[in-house]
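What's in query.cif: mmCIF, C-alpha atoms and all ligand atoms
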```cif
data_coords
loop_
_atom_site.label_atom_id
_atom_site.label_comp_id
_atom_site.auth_asym_id
_atom_site.auth_seq_id
_atom_site.Cartn_x
_atom_site.Cartn_y
_atom_site.Cartn_z
CA MET T 1 95.65 97.14 89.27
CA ILE T 2 99.37 97.92 89.15
CA ASN T 3 100.90 99.94 91.96
CA ARG T 4 101.87 103.22 90.51
CA VAL T 5 104.08 105.78 92.18
CA LEU T 6 104.23 109.45 91.23
CA ALA T 7 106.35 112.19 92.71
CA GLY T 8 107.65 115.58 91.79
CA ILE T 9 109.84 118.32 93.15
CA ARG T 10 109.16 121.95 92.46
CA ALA T 11 111.63 123.41 89.99
CA THR T 12 112.36 126.54 91.99
CA GLY T 13 116.11 126.01 92.19
CA ARG T 14 118.68 123.31 92.46
CA LEU T 15 118.03 120.39 94.75
CA HIS T 16 119.33 120.52 98.29
CA LEU T 17 120.03 117.97 100.98
CA GLY T 18 116.46 118.17 102.29
CA ASN T 19 115.03 117.19 98.89
CA TYR T 20 117.57 114.43 98.62
CA LEU T 21 116.82 112.84 101.98
CA GLY T 22 113.11 113.62 102.09
CA ALA T 23 112.09 112.76 98.55
CA ILE T 24 114.81 111.42 96.25
CA LYS T 25 115.90 108.57 98.54
CA GLY T 26 112.31 107.34 98.72
CA MET T 27 111.93 107.75 94.96
CA ILE T 28 114.98 105.57 94.35
CA GLU T 29 113.86 102.94 96.83
CA LEU T 30 110.53 102.56 95.04
CA GLN T 31 112.14 102.67 91.60
CA ASN T 32 114.22 99.66 92.57
CA ASN T 33 111.23 97.71 93.85
CA SER T 34 109.73 95.70 91.01
CA GLU T 35 106.27 95.83 92.55
CA TYR T 36 105.94 99.44 91.50
CA GLU T 37 105.77 101.39 88.29
CA THR T 38 107.43 104.72 89.04
CA LEU T 39 106.87 108.11 87.45
CA TYR T 40 108.95 111.09 88.51
CA MET T 41 108.45 114.57 87.19
CA VAL T 42 110.07 117.93 87.56
CA ALA T 43 107.19 120.13 88.74
CA ASP T 44 107.89 123.15 86.56
CA THR T 45 104.26 124.16 86.01
CA HIS T 46 103.93 124.54 89.75
CA ALA T 47 106.88 126.94 89.73
CA ILE T 48 104.76 129.68 88.14
CA THR T 49 102.38 129.79 91.13
CA THR T 50 104.75 132.12 93.00
CA PRO T 51 106.78 135.02 91.54
CA TYR T 52 109.55 133.70 89.33
CA ASN T 53 112.10 134.63 86.75
CA VAL T 54 111.55 133.33 83.20
CA GLU T 55 115.19 132.61 82.39
CA GLY T 56 115.67 131.10 85.82
CA LEU T 57 112.82 128.67 85.30
CA LYS T 58 113.97 127.76 81.82
CA THR T 59 117.38 126.65 83.03
CA GLY T 60 116.26 125.59 86.52
CA ARG T 61 113.83 122.93 85.36
CA ARG T 62 116.54 121.30 83.27
CA GLU T 63 119.02 121.49 86.12
CA VAL T 64 116.59 119.69 88.41
CA PHE T 65 116.10 117.05 85.72
CA ILE T 66 119.88 116.57 85.59
CA ASP T 67 119.91 116.40 89.40
CA TYR T 68 117.36 113.57 89.17
CA LEU T 69 119.51 111.61 86.75
CA SER T 70 122.65 112.24 88.79
CA ALA T 71 121.00 111.14 92.03
CA GLY T 72 120.17 107.76 90.52
CA LEU T 73 116.72 108.11 89.01
CA ASP T 74 117.03 105.83 86.03
CA PRO T 75 115.11 106.33 82.76
CA GLU T 76 115.34 102.57 82.17
CA LYS T 77 113.39 101.94 85.37
CA SER T 78 111.24 105.05 85.84
CA ILE T 79 109.35 107.40 83.58
CA LEU T 80 111.11 110.74 84.05
CA PHE T 81 109.50 113.85 82.62
CA LEU T 82 108.85 117.57 82.83
CA GLN T 83 105.37 118.38 84.14
CA SER T 84 104.80 121.16 81.58
CA ASP T 85 105.37 118.71 78.72
CA ILE T 86 102.09 117.05 79.64
CA GLY T 87 99.52 119.83 79.15
CA GLU T 88 96.78 117.24 79.74
CA GLN T 89 97.57 117.43 83.47
CA VAL T 90 96.47 121.07 83.51
CA GLU T 91 93.29 120.14 81.65
CA ILE T 92 92.58 117.41 84.20
CA ALA T 93 93.22 119.90 87.03
CA PHE T 94 90.47 122.11 85.64
CA TYR T 95 87.98 119.25 85.59
CA LEU T 96 88.94 118.26 89.14
CA SER T 97 88.49 121.84 90.33
CA SER T 98 84.75 121.44 89.77
CA VAL T 99 84.47 119.37 92.97
CA VAL T 100 86.62 121.60 95.22
CA SER T 101 85.33 124.59 97.16
CA ILE T 102 87.25 127.86 97.31
CA ALA T 103 87.03 127.84 101.11
CA ARG T 104 88.75 124.44 101.29
CA MET T 105 91.71 125.80 99.31
CA GLN T 106 91.91 129.04 101.29
CA HIS T 107 92.24 127.17 104.55
CA LEU T 108 95.32 125.17 103.60
CA PRO T 109 98.38 126.03 105.70
CA THR T 110 100.64 125.85 102.63
CA TYR T 111 98.49 128.43 100.85
CA LYS T 112 98.43 130.76 103.85
CA ASP T 113 102.20 130.55 104.22
CA LYS T 114 102.77 131.50 100.60
CA VAL T 115 100.37 134.43 100.83
CA THR T 116 102.26 135.68 103.86
CA GLN T 117 105.52 135.26 101.98
CA TYR T 118 104.22 136.97 98.79
CA PRO T 119 101.34 139.25 99.84
CA ASN T 120 101.18 140.88 96.41
CA SER T 121 100.89 137.60 94.53
CA ASN T 122 97.76 136.04 95.94
CA THR T 123 96.78 134.56 92.58
CA MET T 124 94.34 131.98 91.29
CA ALA T 125 97.33 129.87 90.23
CA LEU T 126 98.50 129.78 93.85
CA LEU T 127 95.04 128.90 95.10
CA ASN T 128 94.91 126.12 92.51
CA TYR T 129 98.29 124.68 93.48
CA PRO T 130 96.89 121.68 95.39
CA ILE T 131 94.40 120.88 92.63
CA LEU T 132 97.17 120.78 90.05
CA MET T 133 99.14 118.52 92.37
CA ALA T 134 96.11 116.25 92.76
CA ALA T 135 95.84 116.16 88.96
CA ASP T 136 99.52 115.20 88.69
CA ILE T 137 98.86 112.19 90.88
CA LEU T 138 95.38 111.19 89.74
CA ALA T 139 96.24 111.55 86.04
CA TYR T 140 98.40 108.45 86.51
CA LYS T 141 96.09 106.81 89.07
CA ALA T 142 99.10 106.66 91.36
CA SER T 143 98.52 105.22 94.81
CA LEU T 144 101.85 106.04 96.44
CA VAL T 145 103.63 109.39 96.65
CA PRO T 146 107.14 109.69 98.11
CA VAL T 147 107.24 113.24 99.47
CA GLY T 148 108.15 115.03 102.67
CA VAL T 149 105.71 115.25 105.56
CA ASP T 150 105.00 118.93 104.74
CA GLN T 151 103.08 117.72 101.68
CA GLU T 152 100.53 115.77 103.72
CA PRO T 153 97.83 118.51 103.53
CA HIS T 154 98.11 118.40 99.74
CA LEU T 155 97.75 114.64 99.69
CA GLU T 156 94.65 114.94 101.85
CA VAL T 157 93.17 117.20 99.17
CA ALA T 158 94.08 114.68 96.48
CA ARG T 159 92.31 111.93 98.44
CA GLU T 160 89.20 114.05 98.87
CA ILE T 161 89.12 114.81 95.17
CA ALA T 162 89.59 111.14 94.30
CA ARG T 163 86.68 110.16 96.55
CA LYS T 164 84.41 112.83 95.12
CA MET T 165 85.23 111.99 91.52
CA ASN T 166 84.70 108.29 92.21
CA GLN T 167 81.33 108.90 93.89
CA THR T 168 80.07 111.53 91.47
CA TYR T 169 81.31 110.21 88.15
CA GLY T 170 82.21 106.59 88.78
CA MET T 171 85.95 107.08 88.31
CA ASP T 172 88.32 104.57 89.92
CA PHE T 173 91.02 106.84 91.29
CA PRO T 174 93.01 105.26 94.14
CA GLU T 175 93.30 107.44 97.25
CA PRO T 176 97.02 108.26 97.19
CA LYS T 177 99.11 107.66 100.30
CA ARG T 178 102.40 109.19 101.28
CA PHE T 179 105.53 107.05 101.27
CA ALA T 180 107.65 108.28 104.16
CA THR T 181 111.43 108.09 104.42
CA GLN T 182 113.74 108.46 107.40
CA GLY T 183 114.64 111.96 106.27
CA GLU T 184 111.09 113.14 105.76
CA TYR T 185 111.71 116.32 107.73
CA ILE T 186 115.14 117.84 107.49
CA PRO T 187 115.47 120.89 109.72
CA SER T 188 117.12 124.11 108.64
CA LEU T 189 120.80 124.78 109.35
CA THR T 190 119.63 127.96 111.05
CA GLY T 191 117.84 125.84 113.64
CA GLU T 192 114.43 127.26 112.76
CA GLY T 193 111.94 125.56 110.47
CA LYS T 194 112.83 123.20 107.66
CA MET T 195 115.62 123.18 105.12
CA SER T 196 114.23 125.26 102.27
CA LYS T 197 115.46 126.72 99.01
CA THR T 198 113.70 129.98 99.74
CA VAL T 199 115.46 130.51 103.09
CA SER T 200 119.11 131.43 102.62
CA GLY T 201 121.55 129.86 105.03
CA SER T 202 119.14 127.01 105.67
CA TYR T 203 120.39 124.40 103.24
CA ILE T 204 123.26 122.39 101.81
CA ASN T 205 123.23 122.13 98.03
CA LEU T 206 123.92 118.76 96.50
CA THR T 207 126.69 120.39 94.49
CA ASP T 208 128.38 122.09 97.45
CA SER T 209 132.11 121.36 97.81
CA LYS T 210 133.59 119.74 100.89
CA GLU T 211 134.77 123.14 102.08
CA GLU T 212 131.36 124.75 101.59
CA ILE T 213 129.68 121.92 103.47
CA GLN T 214 132.15 122.23 106.32
CA LYS T 215 131.59 125.97 106.51
CA LYS T 216 127.81 125.59 106.53
CA VAL T 217 127.79 122.81 109.13
CA ARG T 218 130.18 124.76 111.35
CA SER T 219 127.77 127.69 111.19
CA ILE T 220 124.88 125.69 112.68
CA PRO T 221 124.17 127.62 115.91
CA THR T 222 125.10 125.46 118.89
CA ALA T 223 125.96 128.07 121.48
CA THR T 224 124.20 126.35 124.31
CA GLU T 225 125.02 125.11 127.74
CA ALA T 226 126.61 121.68 127.61
CA GLY T 227 124.14 119.07 128.73
CA GLY T 228 121.25 121.46 128.14
CA GLU T 229 118.12 120.97 126.10
CA ILE T 230 118.39 119.81 122.51
CA THR T 231 116.56 122.45 120.48
CA GLY T 232 117.22 124.78 117.55
CA GLY T 233 120.53 124.29 115.76
CA LEU T 234 121.51 121.56 118.17
CA LYS T 235 118.48 119.58 117.16
CA THR T 236 119.43 120.00 113.49
CA LEU T 237 122.94 118.80 114.25
CA PHE T 238 121.80 115.68 116.07
CA MET T 239 119.20 114.87 113.45
CA LEU T 240 121.70 115.06 110.59
CA GLY T 241 124.16 113.15 112.78
CA ARG T 242 121.69 110.30 113.23
CA ILE T 243 121.26 110.03 109.47
CA PHE T 244 124.88 110.31 108.34
CA ILE T 245 126.97 109.05 111.26
CA PRO T 246 124.55 107.13 113.51
CA ASP T 247 127.15 105.30 115.62
CA GLU T 248 129.36 108.29 116.26
CA THR T 249 126.31 110.37 117.07
CA ILE T 250 125.45 108.10 119.98
CA ARG T 251 128.92 108.83 121.37
CA PHE T 252 128.69 112.56 120.68
CA LYS T 253 125.37 112.60 122.47
CA GLU T 254 126.91 111.00 125.54
CA ASP T 255 129.73 113.54 125.45
CA PHE T 256 127.14 116.27 125.18
CA MET T 257 125.29 114.98 128.21
CA ASN T 258 128.56 114.80 130.19
CA GLY T 259 129.49 118.27 129.09
CA THR T 260 132.64 117.10 127.30
CA LEU T 261 131.49 117.49 123.69
CA ARG T 262 133.56 119.70 121.42
CA PHE T 263 130.97 120.81 118.89
CA VAL T 264 133.55 121.35 116.19
CA ASP T 265 134.54 117.65 116.33
CA PHE T 266 130.94 116.58 115.87
CA LYS T 267 130.40 119.14 113.10
CA ASP T 268 133.52 118.19 111.18
CA ALA T 269 132.77 114.47 111.39
CA LEU T 270 129.29 115.22 110.09
CA SER T 271 130.36 117.47 107.23
CA GLU T 272 132.92 114.94 106.13
CA ALA T 273 130.27 112.21 106.01
CA ILE T 274 127.85 114.41 104.07
CA ALA T 275 130.54 115.34 101.54
CA LYS T 276 131.41 111.69 101.10
CA ASP T 277 127.77 110.74 100.60
CA LEU T 278 127.40 113.39 97.89
CA GLU T 279 130.58 112.47 96.03
CA PRO T 280 129.06 109.91 93.63
CA PHE T 281 126.24 112.34 92.85
CA GLN T 282 128.67 115.12 92.07
CA GLU T 283 130.83 112.94 89.85
CA LYS T 284 127.84 111.67 87.92
CA ARG T 285 126.46 115.17 87.58
CA ALA T 286 129.64 116.51 86.01
CA GLN T 287 129.45 113.72 83.46
CA ILE T 288 125.73 113.96 82.61
CA SER T 289 125.57 117.74 82.34
CA ARG T 290 128.13 117.57 79.53
CA ASP T 291 125.91 115.22 77.52
CA THR T 292 123.22 117.60 76.23
CA GLU T 293 121.92 115.16 73.65
CA TYR T 294 121.38 112.42 76.19
CA VAL T 295 119.47 114.75 78.51
CA ASP T 296 117.30 116.02 75.61
CA ARG T 297 116.50 112.49 74.55
CA VAL T 298 115.57 111.31 78.04
CA ILE T 299 113.26 114.32 78.51
CA LYS T 300 111.55 113.65 75.19
CA GLU T 301 111.12 109.92 75.68
CA GLY T 302 109.84 110.39 79.23
CA ALA T 303 107.14 112.79 78.03
CA GLU T 304 106.06 110.36 75.32
CA LYS T 305 105.61 107.53 77.81
CA ALA T 306 103.84 109.69 80.39
CA ARG T 307 101.45 111.09 77.79
CA VAL T 308 100.17 107.64 76.84
CA ILE T 309 98.96 107.07 80.41
CA VAL T 310 97.50 110.54 80.91
CA LYS T 311 95.59 110.49 77.64
CA LYS T 312 93.79 107.35 78.76
CA THR T 313 92.72 108.90 82.07
CA LEU T 314 91.70 112.13 80.34
CA HIS T 315 89.54 110.29 77.85
CA GLU T 316 87.84 108.29 80.57
CA LEU T 317 87.30 111.39 82.70
CA LYS T 318 85.81 113.47 79.88
CA SER T 319 83.54 110.67 78.86
CA LYS T 320 82.26 110.09 82.42
CA MET T 321 81.74 113.83 82.90
CA GLY T 322 79.69 114.14 79.70
CA LEU T 323 82.35 115.89 77.64
CA THR T 324 82.60 113.43 74.78
N1 LIG Z 1 104.18 120.19 96.00
C1 LIG Z 1 105.36 119.40 95.86
C2 LIG Z 1 106.50 120.09 96.64
O1 LIG Z 1 106.48 121.27 96.85
C3 LIG Z 1 105.78 119.22 94.43
C4 LIG Z 1 104.77 118.45 93.63
C5 LIG Z 1 104.03 118.92 92.62
C6 LIG Z 1 104.43 117.08 93.79
N2 LIG Z 1 103.23 117.92 92.10
C7 LIG Z 1 103.45 116.78 92.81
C8 LIG Z 1 104.84 116.10 94.67
C9 LIG Z 1 102.88 115.52 92.71
C10 LIG Z 1 104.28 114.82 94.56
C11 LIG Z 1 103.30 114.55 93.58
O2 LIG Z 1 107.44 119.42 97.00
#
```
Let me see the file written as structure tokens.
Amino acid sequence: MINRVLAGIRATGRLHLGNYLGAIKGMIELQNNSEYETLYMVADTHAITTPYNVEGLKTGRREVFIDYLSAGLDPEKSILFLQSDIGEQVEIAFYLSSVVSIARMQHLPTYKDKVTQYPNSNTMALLNYPILMAADILAYKASLVPVGVDQEPHLEVAREIARKMNQTYGMDFPEPKRFATQGEYIPSLTGEGKMSKTVSGSYINLTDSKEEIQKKVRSIPTATEAGGEITGGLKTLFMLGRIFIPDETIRFKEDFMNGTLRFVDFKDALSEAIAKDLEPFQEKRAQISRDTEYVDRVIKEGAEKARVIVKKTLHELKSKMGLT
């Protein structure tokens, strides 16, 4: 069996540095490895599981698609598509839901967090989120999923569903594993929790200018005793430092321990490196977003290729479940 890779990012806004380091870098690495067939989707269907704005979604899902192309996901090497273009995935999700208990879904930390965040939107769609994600993966019989570590509980659900479907109906779904990258957990600029689109002040956008990046990095809270414990914003700073300027960070760390570190020097060296890293992305993005026809064509062709694979799985699944 071929090694298939599937990943998606929720289309709830433009991509930020956390998505880039946690997911996109891994997606590109696998795309460029000839042992794998890679499928990358913009998870727009998932975006309706929490309150959203119709116009925002309409443009947002396309923007994320353009972000994918600009970051180096290549339609010649990967199948790139919008999740909602493949309605069969939703159909598969319904069939898979027949082997999942309500209690199992209610106990997921990701579900509980969202209910806390949106207490008035505790919907069936939200409860079904992990099943739809399992369907995304199993529809392509993917065995590897490059996502951040926060998605591990969802992958566990996908593995359980795969096992149950294999045992009950004789399917041959692989149990999907997570492909981890160095930046699998990027902390928030606020020093609390992870970098997230839904927490303002927590993230750097991939389209942020040099000045914006500098301003955001300078605002990372580091008011701590020199040589003290590395927690909160300081931890964020050192973590980003290790990714973008590893050698200098070793020196900055020594300075910190000696009590001679000037935080602004560290921060400015870091923001400069981040801005430099994002430059090719930003240049490519300006170019691609002007070419509407190209983007339309890639979206259409990606959906056509993805559909061929999904239809096969759907047919097999229906037939094994007694629906043909
Ligand atoms: N839940 C993922 C996230 O929030 C997005 C996602 C949806 C996904 N379907 C997927 C990721 C399938 C990997 C595979 O980031």
Once you count all atoms listed in the file, which residues end up within 6 Å of ligand LIG 1 (chain Z), and could you hand them over as a short mmCIF file (atom, residue, chain, number, x, y, z; two decimals) with C-alpha atoms, keeping the file's coordinate frame?
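Final file, pocket_24.cif:
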```cif
data_model
loop_
_atom_site.label_atom_id
_atom_site.label_comp_id
_atom_site.auth_asym_id
_atom_site.auth_seq_id
_atom_site.Cartn_x
_atom_site.Cartn_y
_atom_site.Cartn_z
CA LEU T 6 104.23 109.45 91.23
CA ALA T 7 106.35 112.19 92.71
CA GLY T 8 107.65 115.58 91.79
CA ILE T 9 109.84 118.32 93.15
CA ARG T 10 109.16 121.95 92.46
CA ALA T 43 107.19 120.13 88.74
CA MET T 133 99.14 118.52 92.37
CA ASP T 136 99.52 115.20 88.69
CA ILE T 137 98.86 112.19 90.88
CA VAL T 145 103.63 109.39 96.65
CA VAL T 147 107.24 113.24 99.47
#
```
Check: To one decimal place, how far is atom CA of T:Lys305 from atom CA of T:Leu17 in Å?
Finding: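 Rounded to one decimal, the two atoms are 29.2 Å apart.
Rounded to one decimal, atom CA of T:Ser78 and atom CA of T:Ala303 lie 11.7 Å from each other.
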Residues of stretch 142-237 of chain T within 12 Å of stretch 243-254 of chain T: nearest atom pair and distance (Å, one decimal) for each, counting all atoms listed in the file, sorted by chain and number, as a tab-separated table?
```
residue	atom	partner	partner_atom	distance
T:Thr181	CA	T:Ile243	CA	11.2
T:Gln182	CA	T:Ile243	CA	8.0
T:Gly183	CA	T:Ile243	CA	7.6
T:Glu184	CA	T:Ile243	CA	11.3
T:Tyr185	CA	T:Ile243	CA	11.6
T:Ile186	CA	T:Ile243	CA	10.1
T:Ala226	CA	T:Lys253	CA	10.5
T:Gly227	CA	T:Lys253	CA	9.1
T:Gly228	CA	T:Lys253	CA	11.3
T:Glu229	CA	T:Lys253	CA	11.7
T:Ile230	CA	T:Lys253	CA	10.0
T:Leu234	CA	T:Lys253	CA	10.7
T:Lys235	CA	T:Lys253	CA	11.2
T:Thr236	CA	T:Ile243	CA	10.9
T:Leu237	CA	T:Thr249	CA	9.5
```
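Picture a line from atom CA of T:Phe281 to atom CA of T:Gly72; it runs 8.0 Å.
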Next item on the list: Go through T:Ala142, T:Val64, T:Leu126, T:Leu73 and flag the residue nearest T:Pro51, using all atoms listed in the file for the distances.
Entry: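 Result for the nearest residue to T:Pro51: T:Leu126.
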Next item on the list: Would you mind telling me which residue in T:Gln214, T:Leu30, T:Glu316, T:Thr190 lies nearest to T:Val264 when using only C-alpha atoms?
Entry: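 The shortest atom-to-atom distance to T:Val264 comes from T:Gln214.
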Margin query: I'd like the contact shell of T:Thr222 - 9 Å cut-off, only C-alpha atoms, skipping same-chain residues fewer than 2 positions apart - returned as JSON, numbers by chain.
Written below: {"T": [191, 219, 220, 224, 225, 232, 233, 234, 237, 263]}
Note to self: Applying 7 Å and only C-alpha atoms, which residues near T:Thr49 remain after dropping the ones on its own chain fewer than 3 positions away? List them as a VMD selection string.
What the structure shows: chain T and resid 46 125 to 126 129
Only C-alpha atoms, please: the residues just picked out, written as a PDB file, in the frame of the given file.
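For reference, result-v5.pdb as written:
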```
ATOM      1  CA  HIS T  46     103.930 124.540  89.750  1.00  0.00           C
ATOM      2  CA  ALA T 125      97.330 129.870  90.230  1.00  0.00           C
ATOM      3  CA  LEU T 126      98.500 129.780  93.850  1.00  0.00           C
ATOM      4  CA  TYR T 129      98.290 124.680  93.480  1.00  0.00           C
TER       5      TYR T 129
END
```
Note to self: Can you tell me which residues surround T:Ala158 at a distance of at most 10 Å, considering all atoms listed in the file, apart from same-chain residues fewer than 6 positions away, and format the answer as a PyMOL selection string?
What the structure shows: chain T and resi 96+130-138+152+164+173-177
Checklist line | Which of T:Gly302, T:Gly201, T:Pro153, T:Gly56 sits closest to T:Pro187 [using all atoms listed in the file] | finding: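 When distances to T:Pro187 are compared using all atoms listed in the file, the smallest one comes from T:Gly201.
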Next item on the list: Would you mind telling me which residue in T:Ile79, T:Met257, T:Ile299, T:Leu270 lies nearest to T:Lys216 when using only C-alpha atoms?
Entry: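 Once distances to T:Lys216 are computed over only C-alpha atoms, the minimum belongs to T:Leu270.
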Checklist line | Proximity to T:Leu155 - best of T:Leu108, T:Ala47, T:Leu39, T:Leu21, all atoms listed in the file | finding: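 Looking at the shortest contact to T:Leu155, the residue is T:Leu108.
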Notebook entry, point to check: In terms of the shortest atom-to-atom distance over only C-alpha atoms, which of T:Val295, T:Met124, T:Leu206, T:Ile92 is closest to T:Arg62?
Noted result: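 With only C-alpha atoms as the atom set, the closest residue is T:Val295.
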Note to self: Using only C-alpha atoms - which residues lie no farther than 6 Å from the point (119.3, 126.3, 95.0) in the file's frame? Write them as a count of residues only.
What the structure shows: 3
